[in-house]
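Participant: Dropping in protein10.pdb, with PDB, C-alpha atoms.
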```pdb
ATOM      1  CA  MET M 301       0.000   0.000   0.000
ATOM      2  CA  GLY M 302       2.844   2.358   0.859
ATOM      3  CA  MET M 303       4.511   1.772  -2.502
ATOM      4  CA  ARG M 304       1.221   2.320  -4.348
ATOM      5  CA  LEU M 305       0.659   5.586  -2.494
ATOM      6  CA  ASP M 306       4.194   6.667  -3.353
ATOM      7  CA  ALA M 307       3.617   5.867  -7.036
ATOM      8  CA  LEU M 308       0.351   7.812  -6.935
ATOM      9  CA  ARG M 309       2.116  10.804  -5.382
ATOM     10  CA  HIS M 310       4.279  11.127  -8.510
ATOM     11  CA  ARG M 311       1.160  11.393 -10.720
ATOM     12  CA  ILE M 312      -0.643  14.054  -8.680
ATOM     13  CA  SER M 313       0.104  17.764  -8.870
ATOM     14  CA  ASP M 314      -2.833  19.286  -6.975
ATOM     15  CA  PRO M 315      -1.543  20.619  -3.607
ATOM     16  CA  GLY M 316      -4.721  19.626  -1.748
ATOM     17  CA  HIS M 317      -4.572  16.076  -3.050
ATOM     18  CA  LEU M 318      -0.856  15.883  -2.260
ATOM     19  CA  ARG M 319      -1.544  16.919   1.375
ATOM     20  CA  ALA M 320      -4.316  14.306   1.654
ATOM     21  CA  LEU M 321      -2.002  11.696   0.158
ATOM     22  CA  ALA M 322       0.777  12.657   2.595
ATOM     23  CA  ARG M 323      -1.645  12.116   5.512
ATOM     24  CA  LEU M 324      -2.572   8.700   4.097
ATOM     25  CA  GLN M 325       1.102   7.790   3.786
ATOM     26  CA  GLU M 326       1.671   8.823   7.430
ATOM     27  CA  ASP M 327      -1.268   6.648   8.507
ATOM     28  CA  VAL M 328       0.096   3.674   6.567
ATOM     29  CA  THR M 329       3.576   4.164   8.056
ATOM     30  CA  LEU M 330       2.104   4.385  11.573
ATOM     31  CA  SER M 331       0.032   1.239  10.988
ATOM     32  CA  ILE M 332       3.101  -0.663   9.780
ATOM     33  CA  THR M 333       5.054   0.472  12.851
ATOM     34  CA  ARG M 334       2.248  -0.651  15.179
ATOM     35  CA  LEU M 335       1.905  -3.995  13.431
ATOM     36  CA  ARG M 336       5.652  -4.642  13.651
ATOM     37  CA  ARG M 337       5.606  -3.756  17.357
ATOM     38  CA  LEU M 338       2.657  -6.092  17.928
ATOM     39  CA  VAL M 339       4.362  -8.969  16.142
ATOM     40  CA  PHE M 340       7.603  -8.269  18.010
ATOM     41  CA  ASP M 341       5.794  -8.142  21.377
ATOM     42  CA  LEU M 342       3.959 -11.414  20.761
ATOM     43  CA  SER M 343       7.185 -13.297  20.251
ATOM     44  CA  PRO M 344      10.200 -11.139  21.056
ATOM     45  CA  PRO M 345      13.554 -12.415  19.820
ATOM     46  CA  VAL M 346      14.980 -12.515  23.362
ATOM     47  CA  LEU M 347      12.249 -14.997  24.334
ATOM     48  CA  GLN M 348      13.066 -17.253  21.392
ATOM     49  CA  ARG M 349      16.822 -16.857  21.749
ATOM     50  CA  ASP M 350      17.334 -16.813  25.525
ATOM     51  CA  GLY M 351      14.100 -18.189  27.005
ATOM     52  CA  LEU M 352      11.368 -17.127  29.414
ATOM     53  CA  VAL M 353      13.522 -15.883  32.285
ATOM     54  CA  ALA M 354      15.598 -13.572  30.083
ATOM     55  CA  GLY M 355      12.524 -12.465  28.123
ATOM     56  CA  LEU M 356      10.580 -11.519  31.241
ATOM     57  CA  ARG M 357      13.585  -9.800  32.803
ATOM     58  CA  SER M 358      14.080  -7.739  29.643
ATOM     59  CA  TYR M 359      10.395  -6.792  29.521
ATOM     60  CA  LEU M 360      10.386  -5.928  33.242
ATOM     61  CA  GLU M 361      13.466  -3.734  32.934
ATOM     62  CA  GLN M 362      12.012  -1.773  30.044
ATOM     63  CA  THR M 363       8.436  -1.516  31.334
ATOM     64  CA  CYS M 364       9.308  -0.690  34.925
ATOM     65  CA  ARG M 365      11.872   1.900  33.882
ATOM     66  CA  ASP M 366       9.320   3.567  31.596
ATOM     67  CA  ALA M 367       6.592   3.456  34.274
ATOM     68  CA  GLY M 368       8.792   4.464  37.217
ATOM     69  CA  LEU M 369       8.186   1.150  39.019
ATOM     70  CA  ASP M 370      10.653  -0.737  41.175
ATOM     71  CA  PHE M 371      10.695  -4.455  40.458
ATOM     72  CA  ARG M 372      12.084  -7.659  41.778
ATOM     73  CA  MET M 373      12.307 -10.910  39.869
ATOM     74  CA  GLU M 374      12.876 -14.198  41.609
ATOM     75  CA  THR M 375      13.521 -17.412  39.714
ATOM     76  CA  ARG M 376      13.291 -20.825  41.325
ATOM     77  CA  LEU M 377      13.295 -22.853  38.122
ATOM     78  CA  LYS M 378      15.573 -25.848  37.719
ATOM     79  CA  ASP M 379      15.188 -25.811  33.924
ATOM     80  CA  GLU M 380      14.050 -23.321  31.331
ATOM     81  CA  PRO M 381      10.424 -24.012  30.284
ATOM     82  CA  THR M 382       9.773 -25.391  26.814
ATOM     83  CA  PRO M 383       9.392 -22.731  24.102
ATOM     84  CA  GLU M 384       5.624 -23.321  23.944
ATOM     85  CA  GLN M 385       5.223 -23.154  27.725
ATOM     86  CA  GLY M 386       7.499 -20.114  27.889
ATOM     87  CA  THR M 387       5.486 -18.264  25.257
ATOM     88  CA  VAL M 388       2.195 -18.859  27.090
ATOM     89  CA  LEU M 389       3.675 -17.798  30.430
ATOM     90  CA  TYR M 390       5.366 -14.753  28.883
ATOM     91  CA  ARG M 391       2.159 -13.499  27.290
ATOM     92  CA  ILE M 392       0.153 -13.945  30.480
ATOM     93  CA  ALA M 393       2.814 -12.314  32.673
ATOM     94  CA  LYS M 394       3.098  -9.477  30.174
ATOM     95  CA  GLU M 395      -0.668  -8.864  30.325
ATOM     96  CA  ALA M 396      -0.485  -8.821  34.127
ATOM     97  CA  LEU M 397       2.379  -6.301  33.971
ATOM     98  CA  VAL M 398       0.487  -4.138  31.472
ATOM     99  CA  ASN M 399      -2.391  -4.073  33.964
ATOM    100  CA  VAL M 400      -0.009  -3.046  36.758
ATOM    101  CA  ARG M 401       1.332  -0.208  34.624
ATOM    102  CA  LYS M 402      -2.093   0.985  33.441
ATOM    103  CA  HIS M 403      -4.336   0.508  36.452
ATOM    104  CA  ALA M 404      -2.564  -0.338  39.708
ATOM    105  CA  LYS M 405      -0.883   2.961  40.584
ATOM    106  CA  ALA M 406       1.769   0.722  42.119
ATOM    107  CA  ASN M 407       5.279   1.571  43.262
ATOM    108  CA  ASN M 408       6.605  -1.999  43.298
ATOM    109  CA  VAL M 409       6.009  -5.204  41.407
ATOM    110  CA  GLU M 410       7.429  -8.644  42.052
ATOM    111  CA  VAL M 411       7.558 -11.514  39.580
ATOM    112  CA  ARG M 412       8.365 -15.014  40.779
ATOM    113  CA  LEU M 413       8.800 -18.129  38.660
ATOM    114  CA  GLU M 414       8.986 -21.559  40.246
ATOM    115  CA  ASP M 415       8.652 -25.240  39.470
ATOM    116  CA  ARG M 416       5.446 -26.548  40.969
ATOM    117  CA  ASP M 417       3.653 -29.895  40.586
ATOM    118  CA  GLY M 418       4.988 -30.777  37.141
ATOM    119  CA  GLY M 419       4.647 -27.290  35.732
ATOM    120  CA  VAL M 420       5.675 -23.693  36.140
ATOM    121  CA  LEU M 421       3.951 -21.218  38.431
ATOM    122  CA  VAL M 422       4.324 -17.498  37.759
ATOM    123  CA  ARG M 423       3.228 -14.938  40.382
ATOM    124  CA  VAL M 424       2.971 -11.223  39.661
ATOM    125  CA  VAL M 425       2.380  -9.181  42.819
ATOM    126  CA  ASP M 426       1.983  -5.414  43.002
ATOM    127  CA  ASP M 427       1.458  -2.945  45.841
ATOM    128  CA  GLY M 428      -1.089  -0.828  43.978
ATOM    129  CA  VAL M 429      -4.688   0.103  44.646
ATOM    130  CA  GLY M 430      -6.036  -3.384  44.071
ATOM    131  CA  ILE M 431      -9.156  -4.367  42.188
ATOM    132  CA  ALA M 432     -12.592  -3.424  43.429
ATOM    133  CA  ALA M 433     -14.696  -6.493  44.152
ATOM    134  CA  GLY M 434     -17.526  -7.350  41.786
ATOM    135  CA  THR M 435     -21.038  -8.243  42.864
ATOM    136  CA  ASN M 436     -19.966 -11.742  43.946
ATOM    137  CA  GLY M 437     -17.089 -10.466  46.111
ATOM    138  CA  SER M 438     -14.330 -11.451  43.695
ATOM    139  CA  PRO M 439     -12.480  -9.199  41.235
ATOM    140  CA  PRO M 440     -14.572  -8.421  38.141
ATOM    141  CA  VAL M 441     -13.513 -10.157  34.940
ATOM    142  CA  HIS M 442     -12.101  -7.807  32.323
ATOM    143  CA  LEU M 443     -10.951  -8.678  28.829
ATOM    144  CA  GLY M 444      -7.277  -8.882  29.832
ATOM    145  CA  MET M 445      -8.014 -11.163  32.781
ATOM    146  CA  LEU M 446     -10.245 -13.322  30.611
ATOM    147  CA  ALA M 447      -7.474 -13.607  28.001
ATOM    148  CA  MET M 448      -4.973 -14.642  30.707
ATOM    149  CA  ARG M 449      -7.308 -17.343  31.993
ATOM    150  CA  GLU M 450      -8.111 -18.646  28.503
ATOM    151  CA  ARG M 451      -4.429 -18.824  27.501
ATOM    152  CA  ALA M 452      -3.595 -20.760  30.647
ATOM    153  CA  GLU M 453      -6.531 -23.145  30.228
ATOM    154  CA  LEU M 454      -5.690 -23.787  26.564
ATOM    155  CA  ALA M 455      -2.228 -24.866  27.756
ATOM    156  CA  GLY M 456      -3.811 -27.210  30.334
ATOM    157  CA  GLY M 457      -3.256 -24.868  33.286
ATOM    158  CA  TRP M 458      -5.058 -22.149  35.202
ATOM    159  CA  SER M 459      -4.886 -18.488  36.074
ATOM    160  CA  ARG M 460      -6.373 -16.516  38.935
ATOM    161  CA  VAL M 461      -6.407 -12.951  40.143
ATOM    162  CA  SER M 462      -6.909 -11.854  43.732
ATOM    163  CA  SER M 463      -6.889  -8.525  45.462
ATOM    164  CA  GLU M 464      -7.019  -7.431  49.068
ATOM    165  CA  PRO M 465      -9.277  -4.592  50.268
ATOM    166  CA  GLU M 466      -6.238  -2.675  51.535
ATOM    167  CA  GLY M 467      -4.678  -2.841  48.064
ATOM    168  CA  GLY M 468      -2.332  -4.852  45.949
ATOM    169  CA  THR M 469      -3.092  -7.487  43.362
ATOM    170  CA  VAL M 470      -1.768 -10.999  42.871
ATOM    171  CA  VAL M 471      -1.900 -12.732  39.501
ATOM    172  CA  GLU M 472      -0.967 -16.403  39.514
ATOM    173  CA  VAL M 473      -0.714 -18.673  36.518
ATOM    174  CA  TRP M 474       0.308 -22.303  36.345
ATOM    175  CA  VAL M 475       1.038 -24.182  33.139
ATOM    176  CA  PRO M 476       2.036 -27.848  33.072
ATOM    177  CA  SER M 477       5.356 -28.843  31.555
ATOM    178  CA  ASN M 478       3.851 -31.735  29.614
ATOM    179  CA  GLY M 479       0.632 -30.027  28.460
ATOM    180  CA  ASN M 480      -1.550 -32.137  30.750
ATOM    181  CA  GLY M 481      -2.970 -29.964  33.499
ATOM    182  CA  VAL M 482      -3.036 -31.824  36.807
ATOM    183  CA  MET M 483      -2.476 -29.188  39.464
ATOM    184  CA  ARG M 484      -5.591 -28.154  41.328
ATOM    185  CA  LEU M 485      -6.230 -24.588  42.402
ATOM    186  CA  PRO M 486      -5.153 -24.228  46.039
TER     187      PRO M 486
END
```
With the file now loaded, output its structure as structure tokens.

Facilitator:
Amino acid sequence: MGMRLDALRHRISDPGHLRALARLQEDVTLSITRLRRLVFDLSPPVLQRDGLVAGLRSYLEQTCRDAGLDFRMETRLKDEPTPEQGTVLYRIAKEALVNVRKHAKANNVEVRLEDRDGGVLVRVVDDGVGIAAGTNGSPPVHLGMLAMRERAELAGGWSRVSSEPEGGTVVEVWVPSNGNGVMRLP
């Protein structure tokens, strides 16, 4: 589309049409940039090259620096998760961290990865404002939380979100190493 617009620009001489075409070219360039960023964020090279731990650490460093958050990352994994497991866990943890940045008004966030019951458990804990309880007393389900839960369940695991009245939110996700979910929610 960009090349076609560029070719069209060489055939047009009307200043008004050229301005309109320039705006279209800017929109196309912006769309391409956003699409590349989306593709990059879904499967960043560091995740593919160095694994989940390095991928999450890199994302945490960048996101927390940009948001003015202090973070701590604790890893209790004996082995790096499989690429498939790592991708699922990365995307869910990233969504949780996006929520911290956008909604929590937190100062600190902690991410912990650990082997648990034949899978990997990831905990994202913040000290923000928490999530107001829904009508049933539990946090309301938003699109991001629903996506986290569905990703975990598709991988044979689970995801849950909890929040205390005095503030702070905990996101936990567990994904089995072998793709067969066996760990029960505590």

Participant: For Glu450 of chain M, which of M:Ile392, M:Glu472, M:Asp427, M:Gly418 is the closest residue, counting all atoms listed in the file?

Facilitator: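 The shortest atom-to-atom distance to Glu450 of chain M comes from M:Ile392.
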
Participant: Enumerate, in order of chain and increasing residue number, the residues of segment 334-427 of chain M with an atom no farther than 10 Å from segment 457-466 of chain M, each with its shortest atom pair and distance in Å to one decimal, counting only C-alpha atoms, as a tab-separated table.

Facilitator:
```
residue	atom	partner	partner_atom	distance
M:Ile392	CA	M:Ser459	CA	8.8
M:Ala396	CA	M:Val461	CA	9.4
M:Gly419	CA	M:Gly457	CA	8.6
M:Val420	CA	M:Gly457	CA	9.4
M:Leu421	CA	M:Ser459	CA	9.5
M:Val422	CA	M:Ser459	CA	9.4
M:Arg423	CA	M:Arg460	CA	9.8
M:Val424	CA	M:Val461	CA	9.5
M:Val425	CA	M:Ser463	CA	9.7
M:Asp426	CA	M:Ser463	CA	9.7
M:Asp427	CA	M:Glu466	CA	9.6
```

Participant: So what do you get for atom CA of Arg372 of chain M versus atom CA of Leu454 of chain M, distance-wise?

Facilitator: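 Between atom CA of Arg372 of chain M and atom CA of Leu454 of chain M the gap works out to 28.4 Å.
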
Participant: By how many Å are atom CA of Glu384 of chain M and atom CA of Val475 of chain M apart?

Facilitator: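 Between these atoms lies a distance of 10.3 Å.
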
Participant: Skipping near chain neighbours, those fewer than 5 positions away, what residues fall within 10 Å of Glu374 of chain M using all atoms listed in the file, listed as a PyMOL selection string?

Facilitator: chain M and resi 353+357+410-414+422-423

Participant: Have a look at atom CA of Asn408 of chain M and atom CA of Gly428 of chain M and let me know their distance in Å, one decimal.

Facilitator: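 Between these atoms lies a distance of 7.8 Å.
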
Participant: Neighbouring residues of segment 327-336 of chain M were defined as those with any atom within 12 Å, considering all atoms listed in the file; residues of the same chain fewer than 6 positions away were excluded. Please report them as a PyMOL selection string.

Facilitator: chain M and resi 301-306+320-321+342-344

Participant: Go through M:Lys394, M:Arg416, M:His317, M:Lys378 one by one, measure the shortest atom-to-atom distance of each to Leu360 of chain M using all atoms listed in the file, and give the residue with the smallest value.

Facilitator: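 Between M:Lys394, M:Arg416, M:His317, M:Lys378, the residue approaching Leu360 of chain M most closely is M:Lys394.
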
Participant: When distances are computed from all atoms listed in the file, which of M:Arg449, M:Arg349, M:His403, M:Arg365 shows the smallest separation from Glu380 of chain M?

Facilitator: M:Arg349
